[in-house]
>>> print(open('upload_2.txt').read())   # compact mmCIF, C-alpha atoms
# COMPACT_ATOMS: atom_id res chain seq x y z
CA MET T 1 -12.23 15.36 0.41
CA GLY T 2 -9.96 16.29 3.29
CA ASN T 3 -9.69 15.26 6.90
CA GLU T 4 -12.67 17.20 8.25
CA PRO T 5 -15.68 14.89 8.08
CA ILE T 6 -19.07 15.92 6.76
CA GLU T 7 -21.32 17.10 9.56
CA ASN T 8 -23.52 14.30 10.97
CA ALA T 9 -21.90 11.77 8.66
CA VAL T 10 -21.28 8.22 9.75
CA LEU T 11 -17.52 7.72 9.67
CA VAL T 12 -16.39 4.61 7.81
CA ILE T 13 -12.86 3.75 8.90
CA PRO T 14 -10.92 0.85 7.33
CA CYS T 15 -7.68 -0.63 8.57
CA SER T 16 -6.11 -0.42 5.05
CA GLY T 17 -3.73 -3.17 6.20
CA ILE T 18 -0.70 -3.08 3.95
CA GLY T 19 0.28 -6.72 4.18
CA LYS T 20 -2.71 -8.58 2.82
CA VAL T 21 -5.48 -8.35 0.25
CA HIS T 22 -7.98 -8.06 3.09
CA GLY T 23 -6.54 -4.64 3.96
CA LEU T 24 -7.02 -3.44 0.40
CA MET T 25 -10.57 -4.80 0.39
CA SER T 26 -11.35 -2.85 3.57
CA ARG T 27 -10.02 0.30 1.96
CA GLU T 28 -11.83 -0.10 -1.37
CA ALA T 29 -15.08 -1.04 0.36
CA THR T 30 -14.83 2.23 2.25
CA TYR T 31 -14.44 4.23 -0.95
CA LEU T 32 -17.37 2.42 -2.54
CA VAL T 33 -19.50 3.53 0.40
CA THR T 34 -18.26 7.10 0.78
CA ASP T 35 -17.93 7.90 -2.92
CA GLU T 36 -20.70 5.87 -4.54
CA LEU T 37 -23.27 4.21 -2.27
CA ALA T 38 -23.81 6.78 0.47
CA PRO T 39 -21.77 9.91 -0.24
CA LYS T 40 -24.07 12.24 1.69
CA GLN T 41 -24.42 10.02 4.75
CA THR T 42 -20.86 8.83 5.17
CA ASP T 43 -17.30 10.01 5.18
CA THR T 44 -13.92 8.58 6.04
CA LEU T 45 -10.98 9.69 8.07
CA CYS T 46 -7.31 8.75 8.10
CA LEU T 47 -6.78 6.02 10.67
CA ALA T 48 -3.16 7.17 10.91
CA LEU T 49 -4.39 10.43 12.43
CA LEU T 50 -5.70 8.44 15.39
CA VAL T 51 -2.37 6.65 15.73
CA LYS T 52 -0.74 10.06 15.84
CA GLY T 53 -3.26 11.24 18.42
CA ASP T 54 -4.46 14.16 16.30
CA SER T 55 -6.95 16.13 18.42
CA GLU T 56 -9.37 16.87 15.57
CA ALA T 57 -9.46 13.23 14.55
CA VAL T 58 -10.05 12.14 18.14
CA ALA T 59 -12.87 14.67 18.42
CA ALA T 60 -14.36 13.44 15.15
CA VAL T 61 -14.57 9.79 16.19
CA ARG T 62 -16.08 10.84 19.51
CA SER T 63 -18.76 12.97 17.91
CA HIS T 64 -19.73 10.77 14.94
CA ALA T 65 -21.01 7.22 14.77
CA CYS T 66 -18.19 5.07 13.41
CA ILE T 67 -18.23 1.90 11.33
CA THR T 68 -14.91 0.11 11.18
CA ILE T 69 -13.81 -2.40 8.52
CA ASP T 70 -10.91 -4.62 9.48
CA GLY T 71 -8.92 -6.96 7.30
CA CYS T 72 -7.73 -9.30 10.01
CA ALA T 73 -8.49 -10.41 13.54
CA LYS T 74 -6.07 -7.88 14.99
CA ALA T 75 -8.88 -5.40 14.36
CA CYS T 76 -6.63 -2.34 14.19
CA ALA T 77 -9.37 -0.01 12.98
CA GLU T 78 -11.86 -1.03 15.66
CA LYS T 79 -9.24 -0.94 18.43
CA ASN T 80 -7.77 2.40 17.42
CA VAL T 81 -11.17 4.06 17.25
CA ALA T 82 -12.11 2.57 20.63
CA MET T 83 -8.78 3.64 22.17
CA ALA T 84 -9.43 7.18 20.99
CA GLY T 85 -12.76 7.13 22.81
CA GLY T 86 -14.75 6.83 19.60
CA ARG T 87 -18.18 5.28 19.15
CA VAL T 88 -17.81 2.03 17.18
CA ALA T 89 -21.42 1.48 16.16
CA LYS T 90 -20.59 -1.54 14.01
CA ALA T 91 -17.37 -3.43 13.34
CA PHE T 92 -17.05 -5.37 10.09
CA GLN T 93 -14.45 -8.07 9.37
CA VAL T 94 -13.48 -8.68 5.74
CA ALA T 95 -12.99 -12.39 6.46
CA GLU T 96 -16.74 -12.72 7.12
CA ALA T 97 -17.43 -11.97 3.47
CA PHE T 98 -15.50 -15.07 2.40
CA LYS T 99 -17.91 -17.44 4.15
CA ASN T 100 -20.23 -17.47 1.16
CA HIS T 101 -17.40 -17.47 -1.36
CA ARG T 102 -15.24 -20.47 -0.54
CA GLY T 103 -12.20 -20.66 -2.79
CA ALA T 104 -12.51 -17.08 -4.01
CA LYS T 105 -9.22 -15.57 -5.17
CA PRO T 106 -9.51 -11.88 -4.33
CA GLY T 107 -6.11 -10.71 -5.55
CA SER T 108 -3.20 -9.22 -3.66
CA ALA T 109 -2.48 -6.39 -1.27
CA THR T 110 -1.85 -4.27 -4.36
CA ALA T 111 -4.70 -5.09 -6.72
CA LEU T 112 -8.08 -6.82 -6.59
CA THR T 113 -9.32 -9.43 -9.04
CA ASP T 114 -12.92 -9.66 -10.21
CA ASP T 115 -13.53 -12.00 -7.25
CA GLY T 116 -12.00 -9.41 -4.97
CA TRP T 117 -14.21 -6.63 -6.29
CA THR T 118 -17.32 -8.80 -5.97
CA LEU T 119 -16.55 -9.49 -2.32
CA THR T 120 -15.60 -5.88 -1.70
CA ARG T 121 -18.87 -4.66 -3.15
CA GLU T 122 -20.80 -7.05 -0.90
CA ILE T 123 -18.98 -5.65 2.12
CA ALA T 124 -19.68 -2.12 0.94
CA ASP T 125 -23.39 -2.89 0.51
CA SER T 126 -23.56 -4.16 4.09
CA VAL T 127 -21.72 -1.11 5.38
CA ALA T 128 -23.98 1.26 3.43
CA CYS T 129 -27.09 -0.46 4.87
CA GLU T 130 -25.71 -0.09 8.38
CA ALA T 131 -24.82 3.55 7.74
CA ALA T 132 -28.37 4.22 6.54
CA ARG T 133 -29.76 2.58 9.66
CA LEU T 134 -27.46 4.61 11.91
CA SER T 135 -28.30 7.84 10.09
CA ALA T 136 -32.01 7.14 10.54
CA CYS T 137 -31.46 6.56 14.25
CA GLU T 138 -29.49 9.79 14.59
CA GLU T 139 -32.28 11.68 12.82
CA VAL T 140 -34.80 10.31 15.31
CA ILE T 141 -32.59 11.29 18.23
CA ARG T 142 -32.17 14.82 16.86
CA MET B 1 21.40 -1.63 16.15
CA SER B 2 21.75 -5.36 16.68
CA ALA B 3 23.59 -7.65 14.30
CA GLU B 4 20.30 -9.35 13.44
CA VAL B 5 18.91 -6.20 11.88
CA THR B 6 19.23 -6.76 8.16
CA LYS B 7 16.14 -5.24 6.58
CA VAL B 8 14.85 -1.72 6.32
CA GLY B 9 11.33 -1.18 7.63
CA ILE B 10 8.97 0.98 5.61
CA ILE B 11 5.93 2.39 7.36
CA SER B 12 3.26 3.99 5.18
CA CYS B 13 0.57 6.30 6.52
CA SER B 14 -1.90 4.91 3.94
CA GLY B 15 -4.11 7.89 4.77
CA GLU B 16 -7.62 7.09 3.62
CA ALA B 17 -8.86 10.65 3.24
CA ILE B 18 -6.50 11.83 0.52
CA PRO B 19 -5.05 10.47 -2.76
CA GLU B 20 -1.54 10.91 -1.38
CA GLY B 21 -2.36 8.25 1.21
CA THR B 22 -3.17 5.80 -1.55
CA ILE B 23 0.07 6.73 -3.30
CA SER B 24 2.05 6.15 -0.09
CA ARG B 25 0.49 2.70 0.32
CA LEU B 26 0.97 1.60 -3.29
CA ALA B 27 4.50 2.99 -3.53
CA THR B 28 5.44 1.08 -0.38
CA ARG B 29 3.98 -2.10 -1.90
CA ARG B 30 5.94 -1.46 -5.10
CA VAL B 31 9.21 -1.24 -3.15
CA LEU B 32 8.41 -4.40 -1.18
CA GLU B 33 7.36 -6.37 -4.24
CA LEU B 34 9.64 -5.14 -6.95
CA LEU B 35 12.28 -2.55 -6.23
CA ARG B 36 13.85 -3.83 -3.01
CA PRO B 37 12.11 -7.12 -2.17
CA THR B 38 15.02 -8.65 -0.28
CA THR B 39 15.97 -5.66 1.83
CA THR B 40 12.65 -4.27 3.04
CA VAL B 41 9.75 -5.21 5.30
CA THR B 42 6.69 -3.36 6.49
CA LEU B 43 4.15 -3.24 9.26
CA CYS B 44 0.66 -1.74 9.46
CA LEU B 45 0.98 1.61 11.23
CA PRO B 46 -2.16 1.08 13.39
CA LEU B 47 -0.52 -2.01 14.92
CA PHE B 48 1.63 0.26 17.02
CA LEU B 49 -1.45 0.85 19.15
CA ALA B 50 -3.47 -2.29 18.48
CA GLY B 51 -0.66 -4.83 18.38
CA ASN B 52 1.72 -6.50 20.80
CA GLU B 53 5.14 -5.62 22.18
CA ALA B 54 7.05 -7.16 19.25
CA GLU B 55 5.08 -5.01 16.85
CA ARG B 56 5.67 -1.90 18.92
CA ASN B 57 9.40 -2.65 18.86
CA PHE B 58 9.46 -2.57 15.05
CA ALA B 59 11.37 0.70 14.73
CA LYS B 60 13.78 -0.39 17.43
CA THR B 61 14.66 -3.56 15.56
CA HIS B 62 14.64 -2.18 12.02
CA PRO B 63 16.11 0.99 10.55
CA THR B 64 12.80 2.55 9.53
CA ILE B 65 11.69 4.89 6.77
CA THR B 66 8.27 6.47 7.03
CA ILE B 67 6.28 7.56 4.00
CA ASP B 68 3.51 10.04 4.64
CA GLY B 69 0.89 11.45 2.34
CA CYS B 70 0.78 14.94 3.81
CA GLU B 71 2.66 17.31 6.05
CA LYS B 72 0.85 16.03 9.14
CA GLN B 73 3.34 13.15 8.93
CA CYS B 74 1.22 10.74 10.95
CA ALA B 75 3.43 7.76 10.10
CA LYS B 76 6.56 9.55 11.28
CA TRP B 77 5.05 10.91 14.45
CA GLY B 78 3.09 7.75 15.22
CA THR B 79 6.16 5.57 14.70
CA GLU B 80 8.39 7.74 16.84
CA GLU B 81 5.76 8.07 19.57
CA HIS B 82 4.89 4.39 19.86
CA SER B 83 7.85 2.47 18.43
CA GLY B 84 11.15 4.27 18.04
CA PRO B 85 13.13 6.86 16.08
CA VAL B 86 13.01 6.69 12.29
CA SER B 87 16.01 6.79 9.98
CA SER B 88 14.29 8.86 7.34
CA ALA B 89 10.89 10.46 6.76
CA LEU B 90 9.45 11.09 3.29
CA VAL B 91 6.30 13.02 2.38
CA VAL B 92 4.45 12.31 -0.87
CA ALA B 93 3.24 15.88 -1.19
CA GLY B 94 6.83 17.06 -0.83
CA ILE B 95 8.12 14.63 -3.46
CA LEU B 96 5.40 15.18 -6.05
CA GLY B 97 4.15 18.69 -5.35
CA THR B 98 1.27 19.59 -7.66
CA GLN B 99 1.65 16.33 -9.64
CA THR B 100 -0.91 14.74 -7.32
CA ALA B 101 -3.65 17.09 -8.54
CA GLY B 102 -5.10 14.51 -10.93
CA CYS B 103 -4.70 11.52 -8.60
CA HIS B 104 -7.43 9.44 -6.97
CA ARG B 105 -8.08 7.69 -3.68
CA SER B 106 -9.59 4.49 -5.07
CA SER B 107 -7.80 2.13 -7.43
CA ARG B 108 -11.10 1.88 -9.36
CA ASP B 109 -10.33 5.36 -10.65
CA SER B 110 -6.63 4.77 -11.26
CA SER B 111 -5.31 6.70 -14.25
CA PRO B 112 -1.86 7.34 -15.78
CA PRO B 113 -1.12 10.22 -13.35
CA ASP B 114 -1.82 7.87 -10.42
CA LYS B 115 0.52 5.24 -11.80
CA GLN B 116 3.27 7.74 -12.58
CA ALA B 117 2.97 9.15 -9.06
CA VAL B 118 3.31 5.69 -7.51
CA TRP B 119 6.40 4.91 -9.60
CA ALA B 120 8.04 8.24 -8.76
CA VAL B 121 7.46 7.84 -5.03
CA ALA B 122 8.48 4.17 -5.06
CA GLU B 123 11.76 5.04 -6.73
CA ARG B 124 12.36 7.76 -4.14
CA ILE B 125 11.74 5.29 -1.33
CA ALA B 126 14.08 2.74 -2.94
CA ALA B 127 16.81 5.35 -3.14
CA GLU B 128 16.27 6.12 0.53
CA VAL B 129 16.50 2.41 1.38
CA ASP B 130 19.86 2.27 -0.41
CA SER B 131 21.02 5.32 1.47
CA VAL B 132 20.02 3.88 4.84
CA LEU B 133 21.73 0.58 4.06
CA ALA B 134 24.85 2.38 2.88
CA GLU B 135 25.01 4.27 6.17
CA MET B 136 24.86 0.93 8.00
CA GLY B 137 28.09 -0.05 6.26
CA PRO B 138 29.14 -3.32 4.63
CA ARG B 139 26.84 -6.23 5.32
CA ASP B 140 26.32 -9.83 4.40
CA ASP B 141 23.60 -10.74 1.98
CA VAL B 142 20.22 -10.25 3.56
CA ALA B 143 18.85 -13.24 5.41
CA ALA B 144 15.56 -14.67 4.25
CA GLY B 145 13.88 -13.80 7.51
CA SER B 146 14.60 -11.35 10.26
CA SER B 147 13.65 -11.13 13.86
CA GLY B 148 10.83 -9.00 15.17
CA ALA B 149 7.43 -8.22 13.75
CA GLN B 150 6.61 -7.96 10.11
CA CYS B 151 3.58 -8.38 7.93
CA SER B 152 3.21 -11.44 5.78
CA CYS B 153 3.40 -9.23 2.75
CA SER B 154 6.46 -10.61 1.06
CA SER B 155 4.66 -12.89 -1.32
CA PRO B 156 6.73 -13.69 -4.41
CA THR B 157 6.62 -11.04 -7.09
CA PRO B 158 5.75 -12.30 -10.53
CA GLY B 159 8.91 -12.60 -12.56
CA GLY B 160 9.93 -13.44 -16.08
CA LYS B 161 12.65 -15.53 -17.68
CA LEU B 162 14.87 -14.62 -20.60
CA THR B 163 17.51 -16.62 -22.41
CA ILE B 164 20.74 -14.65 -22.45
CA GLN B 165 23.82 -16.09 -24.10
CA GLY B 166 22.37 -19.58 -23.76
CA ALA B 167 21.53 -19.29 -20.07
CA THR B 168 18.11 -18.74 -18.50
CA VAL B 169 17.95 -15.52 -16.50
CA SER B 170 15.10 -14.73 -14.06
CA LEU B 171 14.06 -11.10 -13.81
CA THR B 172 11.95 -10.30 -10.77
CA GLY B 173 9.01 -8.07 -11.57
CA LEU B 174 9.38 -8.23 -15.35
CA PRO B 175 5.59 -8.03 -15.95
CA LEU B 176 5.44 -4.89 -13.81
CA ILE B 177 8.35 -3.38 -15.71
CA PHE B 178 6.61 -4.17 -19.00
CA GLU B 179 3.39 -2.71 -17.64
CA GLN B 180 5.23 0.52 -16.88
CA CYS B 181 6.80 0.51 -20.36
CA ALA B 182 3.39 0.02 -21.98
CA GLU B 183 2.02 2.95 -20.00
CA ARG B 184 4.90 5.04 -21.35
CA ASN B 185 3.93 3.94 -24.88
CA ILE B 186 7.25 2.25 -25.55
CA SER B 187 6.88 0.51 -28.88
CA ALA B 188 7.00 -3.26 -29.20
CA ASP B 189 9.38 -3.05 -32.15
CA THR B 190 13.08 -2.39 -32.57
CA SER B 191 12.62 1.32 -31.86
CA GLY B 192 11.67 0.41 -28.30
CA CYS B 193 14.66 -1.84 -27.57
CA ALA B 194 16.84 0.79 -25.94
CA ALA B 195 14.04 2.06 -23.71
CA LEU B 196 13.18 -1.50 -22.64
CA LEU B 197 16.77 -2.19 -21.70
CA ASP B 198 17.04 1.09 -19.81
CA ALA B 199 13.92 0.23 -17.81
CA VAL B 200 15.24 -3.22 -16.90
CA LYS B 201 18.66 -1.83 -15.97
CA ILE B 202 17.05 0.29 -13.26
CA TYR B 203 16.24 -2.90 -11.38
CA HIS B 204 18.70 -5.50 -12.65
CA ARG B 205 22.40 -5.56 -13.39
CA VAL B 206 23.17 -6.02 -17.07
CA LEU B 207 26.79 -6.39 -18.16
CA PRO B 208 27.83 -4.34 -21.20
CA GLU B 209 28.67 -7.48 -23.20
CA GLU B 210 25.16 -8.84 -22.54
CA GLU B 211 23.25 -5.77 -23.67
CA ALA B 212 22.71 -6.88 -27.27
CA ASP B 213 21.26 -10.21 -26.15
CA TYR B 214 19.09 -8.47 -23.56
CA ARG B 215 17.73 -6.08 -26.19
CA SER B 216 16.52 -8.85 -28.47
CA ALA B 217 15.27 -11.10 -25.64
CA LEU B 218 13.43 -8.23 -23.97
CA LEU B 219 11.84 -7.16 -27.23
CA ALA B 220 10.55 -10.70 -27.88
CA ALA B 221 9.17 -10.98 -24.34
CA TYR B 222 7.65 -7.50 -24.53
CA GLN B 223 5.91 -8.35 -27.80
CA VAL B 224 4.38 -11.39 -26.10
CA PHE B 225 3.35 -9.21 -23.15
CA ARG B 226 1.75 -6.59 -25.41
CA SER B 227 -0.14 -9.30 -27.27
CA GLY B 228 -1.87 -10.21 -24.03
CA ALA B 229 0.13 -13.27 -23.04
CA ARG B 230 2.49 -13.25 -20.08
CA PRO B 231 6.25 -13.79 -20.14
CA THR B 232 7.52 -17.23 -19.20
CA LYS B 233 7.35 -17.72 -15.42
>>> encode(input="upload_2.txt", output="C-alpha cells")
Amino acid sequence: MGNEPIENAVLVIPCSGIGKVHGLMSREATYLVTDELAPKQTDTLCLALLVKGDSEAVAAVRSHACITIDGCAKACAEKNVAMAGGRVAKAFQVAEAFKNHRGAKPGSATALTDDGWTLTREIADSVACEAARLSACEEVIR
Amino acid sequence: MSAEVTKVGIISCSGEAIPEGTISRLATRRVLELLRPTTTVTLCLPLFLAGNEAERNFAKTHPTITIDGCEKQCAKWGTEEHSGPVSSALVVAGILGTQTAGCHRSSRDSSPPDKQAVWAVAERIAAEVDSVLAEMGPRDDVAAGSSGAQCSCSSPTPGGKLTIQGATVSLTGLPLIFEQCAERNISADTSGCAALLDAVKIYHRVLPEEEADYRSALLAAYQVFRSGARPTK
C-alpha cells in the first residue's frame, strides 16, 4: 500500500507518537482496521506528509472522511488533519480505552504486551464501526 | 549552538503507509533505548505543527538527525520548515535498498527481515550520532536532562548483570543483544562464545584482559536467556 488512498475510503490517521506506548497503540489499531477489519472501506496515510505540506496528502484529507487516533492530549493527528483543511469525522483518544481497563500494562513505545493488544483491538473495533457508519453515510449522499 | 546542547535529536518520519516508516520508528527507538541512550532524544514530528514554541525550537536547540522512510523525506523537510536546519538526514530506502521487500508495516507481522532491517538502520543512525557529536568537538559527559522539548521516551532499558573478575558489571540492553543473537542462531554453547562477545563489544567496552571472563559469563547468561528465563536485573 502506498500513499495514494483507496477511492472513497475513510482515512484512518494515527499520531504514531514515538515517545509512549499510546503512540504505538494508535499505529497498530490503524493497521488492524486497514489491514484486517475494514480493508475495503479504509486506508491510511502518512501523517508526516501533512507536516511536510505535501499537496496530494492535503488533497486526500480534504476529499476523504478522516478518523484520527491520538495517543495523548496533544492530539497531533487531529490537529494536523484539521490544519490541512481535512474533514475530521471522528477523533479517538487512546487514553479513553484505558477507562475500562484500570491497571492494564500495555507495554512500551516499542512493543505491546497482551494487555496492550487487547486494548488496541478494542480501539480498532470502535474505529472500524465508525468507518462503517461513515461509509454508509457517504453511500447515501452519493 | 548553545553550551546547554548536549544531546542529539532524532526525528523519525514514522510514515504509516509504508514498511520503511515502521522501520524508521523502531530503529529510532532502538537507538534511544539501547545504542545511544545517554546522547539522544526525540520528538514526535507532528508536534512541530501541533505543539508549542519549545517543541518547534527542537532543531534549534539540538543537533538533529532525521530518519525518513522514503525519498519524500517528510521528516527532513518538515523539521527544516517548522523547526530548524538538520545536521544529517538519513533515508531507510537508501540504507537498505531492496532489503525492505519482505518487511511489514505492523509489528504483528514482524519477521526476521523486519528485525534485521531495524538493526541495520539503528546502527547507521548510531554511527551518525557519533559523527555529529565528534563534529561538535570535545564535551563533558552528557547531562541527565537537557533544555528544550523532548518526549518522555527515555524509560530505562532493561539491562543485565555479569560477574567479571569478581565485580558486578551492568550491561544496558543485554536482553535485546541476546534477542538479536538468538535471531542470528548463535549457539548457546562454547561455539557461540566468540560471537556473543563480538555482539556485546559493539555496545560496551571490553578490555582485552577481561575477554575470557566475559566469554564465560556471557555464555552462562545467554544459556539462561535461551532457556526462557531472563538475565539478572
>>> residues_around(input="upload_2.txt", residues="range 87-104 of chain B", least_positions_apart="2", cutoff="7 Å", atoms="all atoms listed in the file", output="PDB file with C-alpha atoms, keeping the file's coordinate frame")
ATOM      1  CA  PRO B  19      -5.050  10.470  -2.760  1.00  0.00           C
ATOM      2  CA  GLU B  20      -1.540  10.910  -1.380  1.00  0.00           C
ATOM      3  CA  SER B  24       2.050   6.150  -0.090  1.00  0.00           C
ATOM      4  CA  PRO B  63      16.110   0.990  10.550  1.00  0.00           C
ATOM      5  CA  THR B  64      12.800   2.550   9.530  1.00  0.00           C
ATOM      6  CA  ILE B  65      11.690   4.890   6.770  1.00  0.00           C
ATOM      7  CA  THR B  66       8.270   6.470   7.030  1.00  0.00           C
ATOM      8  CA  ILE B  67       6.280   7.560   4.000  1.00  0.00           C
ATOM      9  CA  ASP B  68       3.510  10.040   4.640  1.00  0.00           C
ATOM     10  CA  GLY B  69       0.890  11.450   2.340  1.00  0.00           C
ATOM     11  CA  CYS B  70       0.780  14.940   3.810  1.00  0.00           C
ATOM     12  CA  GLU B  71       2.660  17.310   6.050  1.00  0.00           C
ATOM     13  CA  LYS B  76       6.560   9.550  11.280  1.00  0.00           C
ATOM     14  CA  PRO B  85      13.130   6.860  16.080  1.00  0.00           C
ATOM     15  CA  SER B 106      -9.590   4.490  -5.070  1.00  0.00           C
ATOM     16  CA  ASP B 109     -10.330   5.360 -10.650  1.00  0.00           C
ATOM     17  CA  SER B 110      -6.630   4.770 -11.260  1.00  0.00           C
ATOM     18  CA  PRO B 113      -1.120  10.220 -13.350  1.00  0.00           C
ATOM     19  CA  ASP B 114      -1.820   7.870 -10.420  1.00  0.00           C
ATOM     20  CA  VAL B 121       7.460   7.840  -5.030  1.00  0.00           C
TER      21      VAL B 121
END
>>> residues_around(input="upload_2.txt", residues="Asp213 in chain B", least_positions_apart="3", cutoff="6 Å", atoms="only C-alpha atoms", output="list in words")
Ile164, Glu210 and Ser216 of chain B
>>> interface_residues(input="upload_2.txt", of="chain B", to="chain T", cutoff="7 Å", atoms="all atoms listed in the file", output="compact mmCIF listing (two decimals) with C-alpha atoms, keeping the file's coordinate frame")
# COMPACT_ATOMS: atom_id res chain seq x y z
CA CYS B 13 0.57 6.30 6.52
CA SER B 14 -1.90 4.91 3.94
CA GLY B 15 -4.11 7.89 4.77
CA GLU B 16 -7.62 7.09 3.62
CA ALA B 17 -8.86 10.65 3.24
CA ILE B 18 -6.50 11.83 0.52
CA ARG B 25 0.49 2.70 0.32
CA LEU B 26 0.97 1.60 -3.29
CA ARG B 29 3.98 -2.10 -1.90
CA CYS B 44 0.66 -1.74 9.46
CA LEU B 45 0.98 1.61 11.23
CA PRO B 46 -2.16 1.08 13.39
CA LEU B 47 -0.52 -2.01 14.92
CA LEU B 49 -1.45 0.85 19.15
CA ALA B 50 -3.47 -2.29 18.48
CA CYS B 74 1.22 10.74 10.95
CA ALA B 75 3.43 7.76 10.10
CA TRP B 77 5.05 10.91 14.45
CA GLY B 78 3.09 7.75 15.22
CA SER B 106 -9.59 4.49 -5.07
CA CYS B 151 3.58 -8.38 7.93
CA SER B 152 3.21 -11.44 5.78
CA CYS B 153 3.40 -9.23 2.75
>>> residues_around(input="upload_2.txt", residues="range 132-137 of chain T", least_positions_apart="2", cutoff="10 Å", atoms="only C-alpha atoms", output="MDAnalysis selection string")
chainID T and resid 8:10 38 41:42 65:67 89:90 126:130 139:142
>>> atom_distance(input="upload_2.txt", atom1="CA of Gly51 in chain B", atom2="CA of Thr79 in chain B")
13.0 Å
>>> atom_distance(input="upload_2.txt", atom1="CA of Ile69 in chain T", atom2="CA of Glu122 in chain T")
12.6 Å
>>> atom_distance(input="upload_2.txt", atom1="CA of Tyr222 in chain B", atom2="CA of Leu207 in chain B")
20.2 Å
>>> axis_aligned_box(input="upload_2.txt", around="range 211-228 of chain B", padding_each_side="8 Å", output="AutoDock Vina command-line options")
--center_x 10.7 --center_y -8.6 --center_z -25.8 --size_x 41.1 --size_y 21.6 --size_z 21.3
>>> closest_residue(input="upload_2.txt", among="B:Asn57, B:Ala127, B:Thr6, B:Val224", to="Glu81 in chain B", atoms="all atoms listed in the file")
B:Asn57
>>> closest_residue(input="upload_2.txt", among="T:Arg121, T:Arg87, T:Lys40, T:Lys99", to="Glu7 in chain T", atoms="all atoms listed in the file")
T:Lys40
>>> closest_residue(input="upload_2.txt", among="B:Arg105, B:Val169, B:Arg184, B:Ala59", to="Gly84 in chain B", atoms="all atoms listed in the file")
B:Ala59
>>> closest_residue(input="upload_2.txt", among="B:Phe58, B:Phe48, B:Trp119, B:Tyr214", to="Val8 in chain B", atoms="all atoms listed in the file")
B:Phe58
>>> residues_around(input="upload_2.txt", residues="Leu219 in chain B", least_positions_apart="2", cutoff="7 Å", atoms="only C-alpha atoms", output="list of chain:residue names")
B:Ala188, B:Asp189, B:Cys193, B:Arg215, B:Ser216, B:Ala217, B:Ala221, B:Tyr222, B:Gln223
